[in-house]
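*Asks:* Take this structure, written in structure tokens, and hold onto it; I'll ask about it next.
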Amino acid sequence: MSTTTSPQIRMANDIAVQFRHQPPERAAEAICTHIRMFWDPRMKAELLRLMDSEGEDLDPLALAAARLLRDGHLS
Amino acid sequence: MSLLKEPDLGTPAKPGPATVSVEIDGMPVQVPEGTSVMRAAALSGTEIPKLCATDSLEAFGSCRLCLVEVDGRKGTPASCTTPVAEGMKVRTQTPRLEKLRQGVMELYISDHPLDCLTCSANGDCELQDMSGVVGLRQVRYGYEGENHLDLEKDTSNPYFDFEPSKCIACSRCVRACGEVQGTFALTIEGRGFDSKVSPSADELFMDSECVSCGACVQACPTATLQEKSVVELGMPNRSVLTTCAYCGVGCSFKAELRGDELVRMVPYKDGGANEGHSCVKGRFAFGYATHPDRKLSPMVREKITDEWREVDWDTAIGYVAEKMRDIQAEHGVGSIGGITSSRCTNEEVYVVQKMVRAAFGNNNVDTCARVCHSPTGYGLKQTFGTSAGTQDFKSVAQSDVIVVIGANPTDGHPVFASRMKRRLREGAKLVVIDPRRIDLVRSPYIEAQHHLQLAPGTNVAVVNAMAHVVVTEGLVDRSFVTERCEEFDEWAEFIARPENSPEAVEPITGVRAEELRAAARLYATGGNAAIYYGLGVTEHSQGSTMVMGMANLAMATGNIGREGVGVNPLRGQNNVQGSCDMGSFPHELAGYRHVSDDAVREVFEKLWERPILPEPGLRIPNMFDAAADGTFRGLFVQGEDIAQSDPNTQHVNAALEALDLLVVQDLFLNETAKFAHVFLPGTSFLEKDGTFTNAERRINRVRPVMATKTGKDEWQVACDIAQAMGYDMSYSHSREIMDEIAAVTPTFAGVSFEKLDKLGSVQWPCNDKAPEGTPTMHVDAFVRGKGRFVQTPFVATQERSTRKYPLILTTGRILSQYNVGAQTRRTANVAWHQEDVLEIHPHDAEVRGIESGDEVTMSSRVGTTSLRAVLADRMPVGVVYTTFHHPVTGANVVTTENSDWATNCPEYKVTAVQVGLKRSGDSAGAAQDEQPALVD
């Protein structure tokens, strides 16, 4: 776990926790959609970069959402 | 325009059709039932002499000047208190009436100073006018007897004088304070000849409960209550109709001038938002516009450590354009951006976002609503389909139950609060949901049925529990939900879960389950129920969730789509609604349409002849992060003080310092300007020509009262920068900008300066379907078609009280000050609030050895500041409170990076802190000089 959380990871985790009441797949989709609709491209790109290097800091739902972004939901 | 004198029909209008026929001096007139003879006469073209009557107040019948004769009735009844009756024949001018009126006037004048020629009200005095009207020619009684002529003048209020020797005891001031303002600070003390107007218990105005709204001054028919500015400058001789630039109520004012000098601001009776009422800020606190601190020339410096160098406009604009282009050439198109201001007009905001999207070529535009009502944008769009309050302000007069959540209207939105209080005095029920016992909980003639004094950060748990009661106790409006909404069943299953019950959340929220159940039942079954909310809802880690939770509650109970109900944000600044409407958010074009929508982009691209990126740009906090990591290097800031207003000061300052180019456009060299390379002088609202949109979606004209002091309108500056960067953007007048807004924004399609000048104002949507605007939204269908229920699980904030930081800090406003105080601190309003103080419960103070007036330090995990403590039992134990109007206090030194999950609106309302007595070695104020404060 890194000592300082990057803004993208902090924000993705903040979003993820709001969708925990949903089934995981649906939650990941919702988180991905939110990020796609509201984040600047460089923030999305940074999240995908961090997913590899600091993925352990990501909430599992946020990580699943990031994978969806990487796999084609990134518009 | 010459001086605008509005007609005064003597008594208020009565509702209903004009069905009663009467004859006034032979002239037939039809009026609604209950109308006074005085008003009927005025409507027929006959003005009956009057002194104690005015149409903003209920009839009182004390002056006896408005006597009339009615066929078939004995005596000479007062026309103000006599209602019309079918077939009534009234005579207003007879020898008997003439004699009676002269006798009445003679008595008044026998105890009134005859200094008319030197009186400040000369030419604007109803006593003087009525003397002439009744034909008074002599006063037989002399001045030798007992009189009131030596009563002492009270000059304690910074804005108006009280000269009791000129008082005629008509009670208009007393009634205005009660009926219009709802403060009841004035009374008539004594009886008979000893009767006199008394602020509170015969105190000076400044020592009384008076809130300086100006209603008494406006109501006074003589010079007894008179603006100091009129005393000093003389009577104004012309008026300009315009709109207040303080809070989101958006009051209409007559700016009254003597030549080119602004003498006073008088609330306009036909103003849709305020209907003739005002508060201390709009009425009196306009002096900042001509304050010597204003900077009127552009300034440039290479480095922020250099001295400022005054330059001409061409040089400044050329410098900005060249530097912005250089940055883009080196670091990419997305390396620059802009921030729009809620203090500026729709037209000014629109051109800045257009400059960013078309000339900068990206979507890196955001607005200061990011740190206040961005969760409203998200939450109401998700549920109702658009970001807007559902009602007009008048609607509250039809409410039976009023729920105020996280707002303090008597301080933050005082003119609307007066409307609300009037309805509450008439019998509407009140629920207040707030950690503090705000004034509205118990004030003259008003007492909340329920005050849910929740722990800060638990709004969502409370609103969910209310909805739980509605669903599990069978209080759902089934037909509304079935016909008008979707996704109800899933939501109902979620909200009915045991974890959302009042009993389950009581340990979290601190709200007694029975009290919460009773409040929920009242909301669901008490008739028309309306929700009004403020930043106590939005500035939380679940701000957006809470907005959706309130929308769920309103839909479930059918409290949407008619007068008296709804979900209504009380916007902090004058044009928060408008700045959001104008496409200031990085993900939306004007009219709240996402940039990813090809059809929408095409409309703009065709008109602007530039491509628009289909992905969102950076929000303000993202800009700071990107500046810190070096991908964002140039920023244009319009009328906002981000260094003062945004949280996590150290981070903000570091980001601003990292920029290659920071351009600040403002009235004053604010905190942000300390990091700026270019300063572009802005214009005050008195110089602007455009529109503001208030919290009820009302688009009001802002008209120039004086010529711009900077030589350029603000919209011209944005156009010039765009032009210098190679994008052709020009308008010959701000009305052309509104025409463009109307052309690209369906909800504004019917708006034009011409229409606004004709109708006074309109509320959007204003288009072919609603050519004169839309006072109530979602009447037959929601903007998105069906109202959508959204599940809103409560997620506790990460900001918790700990052993080290055991108290929770929450924040708000005070009546006399506004936002970060840049304007109001430069007016006489400082007389009421010279410093920010920390309100702390006596128990919390006692265990820390703190007494009222002590200097204390306040620390959070990110910083420390100091301020004076005031013991206040309206605070719950464990919660402290401060305002944020004075930069030296620096509340943002202690606020954190936590923010709303959906919008990044900062969590200003929950910060874990420790408070202790300040020791002699502690430094004064915040950690740095002139530290920032919170934004509202």
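Following the order of the structure tokens, chains are lettered A, B, ..., residues in each are numbered from 1, and ligands are numbered from 1.
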Within 8 Å of chain A, which residues of chain B show up when using only C-alpha atoms, listed as a list in words?
*Replies:*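 Close to chain A, chain B has His587, Glu615, Pro616, Gly617, Leu618, Asp625, Pro793, Val795, Trp901 and Ala902 of chain B.
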*Asks:* Give me a file of those residues, with C-alpha atoms, as a PDB file, in the first residue's frame.
*Replies:*
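Full text of part17.pdb as output:
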```pdb
ATOM      1  CA  HIS B 587     -19.099  17.917 -18.665  1.00  0.00           C
ATOM      2  CA  GLU B 615     -15.116  14.261 -23.179  1.00  0.00           C
ATOM      3  CA  PRO B 616     -15.407  16.240 -19.949  1.00  0.00           C
ATOM      4  CA  GLY B 617     -12.652  18.596 -18.906  1.00  0.00           C
ATOM      5  CA  LEU B 618     -11.165  19.207 -15.480  1.00  0.00           C
ATOM      6  CA  ASP B 625      -4.241  18.234  -8.901  1.00  0.00           C
ATOM      7  CA  PRO B 793     -27.493   3.982   1.042  1.00  0.00           C
ATOM      8  CA  VAL B 795     -22.179   5.817   3.884  1.00  0.00           C
ATOM      9  CA  TRP B 901     -18.264  11.375  -4.206  1.00  0.00           C
ATOM     10  CA  ALA B 902     -20.148  12.406  -7.364  1.00  0.00           C
TER      11      ALA B 902
END
```
*Asks:* Running DSSP on the backbone, which parts of region 55-142 of chain B land in alpha helix (DSSP H), as a PyMOL selection string?
*Replies:* chain B and resi 95-110+126-134
*Asks:* Can you pull out the residues contacting Thr33 (chain A)? Cut-off 9 Å, using only C-alpha atoms, and skip same-chain residues under 5 positions away; I want them as a list in words.
*Replies:*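 Answer for this query is Ala28, Phe38, Ala65, Leu69 and His73 of chain A.
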*Asks:* Those residues with C-alpha atoms, as a PDB file, in the first residue's frame please?
*Replies:*
```pdb
ATOM      1  CA  ALA A  28     -18.683  -1.837 -11.498  1.00  0.00           C
ATOM      2  CA  PHE A  38     -17.390  13.052 -15.345  1.00  0.00           C
ATOM      3  CA  ALA A  65     -14.676  -0.435 -12.921  1.00  0.00           C
ATOM      4  CA  LEU A  69     -12.751   1.397 -18.636  1.00  0.00           C
ATOM      5  CA  HIS A  73     -15.740   1.664 -21.870  1.00  0.00           C
TER       6      HIS A  73
END
```
*Asks:* Compile the contact shell of Ser229 (chain B) as a list in words: residues with an atom at most 7 Å away, counting only C-alpha atoms, same-chain residues fewer than 4 positions apart removed.
*Replies:* Leu233, Val263 and Arg264 of chain B
*Asks:* Selection from above, N, CA and C atoms, as an mmCIF file, in the first residue's frame, can you write it?
*Replies:*
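out_32.cif written:
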```
data_model
loop_
_atom_site.group_PDB
_atom_site.id
_atom_site.type_symbol
_atom_site.label_atom_id
_atom_site.label_comp_id
_atom_site.auth_asym_id
_atom_site.auth_seq_id
_atom_site.Cartn_x
_atom_site.Cartn_y
_atom_site.Cartn_z
ATOM 1 N N LEU B 233 -26.828 63.194 0.815
ATOM 2 C CA LEU B 233 -26.714 63.516 -0.615
ATOM 3 C C LEU B 233 -27.939 64.223 -1.181
ATOM 4 N N VAL B 263 -27.706 57.098 -4.698
ATOM 5 C CA VAL B 263 -28.115 57.558 -3.372
ATOM 6 C C VAL B 263 -28.613 56.386 -2.527
ATOM 7 N N ARG B 264 -29.476 55.575 -3.116
ATOM 8 C CA ARG B 264 -30.018 54.467 -2.325
ATOM 9 C C ARG B 264 -30.550 53.370 -3.249
#
```
*Asks:* Could you pull out the strand (DSSP E or B) residues of region 139-351 of chain B from DSSP and send them as a VMD selection string?
*Replies:* chain B and resid 154 160 to 162 186 to 189 196 to 199 225 to 227 238 to 243 252 to 258 261 to 267 299 to 300 309 to 310 336 to 340
*Asks:* Just the number, please: distance in Å from CA of Thr747 (chain B) to CA of Thr482 (chain B), one decimal.
*Replies:*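 So the answer is 27.3 Å.
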*Asks:* For a quick check of understanding, using only C-alpha atoms, which of B:Asp439, B:Glu714, B:Glu6, B:Asp477 has the smallest distance to Arg343 (chain B)?
*Replies:* B:Glu714
*Asks:* Could you give me, as a PyMOL selection string, the residues within 10 Å of Tyr141 (chain B), counting only C-alpha atoms and dropping anything in the same chain fewer than 3 positions from it?
*Replies:* chain B and resi 106-107+109-111+138+144-145
*Asks:* Skip region 733-738 of chain B itself and residues of its chain fewer than 4 positions away, then list as a list in words all residues within 7 Å of it, counting only C-alpha atoms.
*Replies:* Glu347, Asp689, Gly690, Ala742, Ser752 and Phe753 of chain B
*Asks:* Tell me which protein, DNA and RNA residues are within 12 Å of Val37 (chain B), counting only C-alpha atoms, leaving out same-chain ones fewer than 5 positions away, and put them as a PyMOL selection string.
*Replies:* chain B and resi 9-13+20-25+29-32+42-44+46-48+59+66-70+77-86+88-92
*Asks:* Quote the spacing between CA of Arg172 (chain B) and CA of Pro7 (chain B) in Å to one decimal place.
*Replies:*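 Separating CA of Arg172 (chain B) from CA of Pro7 (chain B) is a distance of 17.0 Å.
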*Asks:* Would you mind reading off the distance between CA of Pro876 (chain B) and CA of Glu506 (chain B), one decimal, in Å?
*Replies:*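 Straight-line distance from CA of Pro876 (chain B) to CA of Glu506 (chain B) works out to 15.4 Å.
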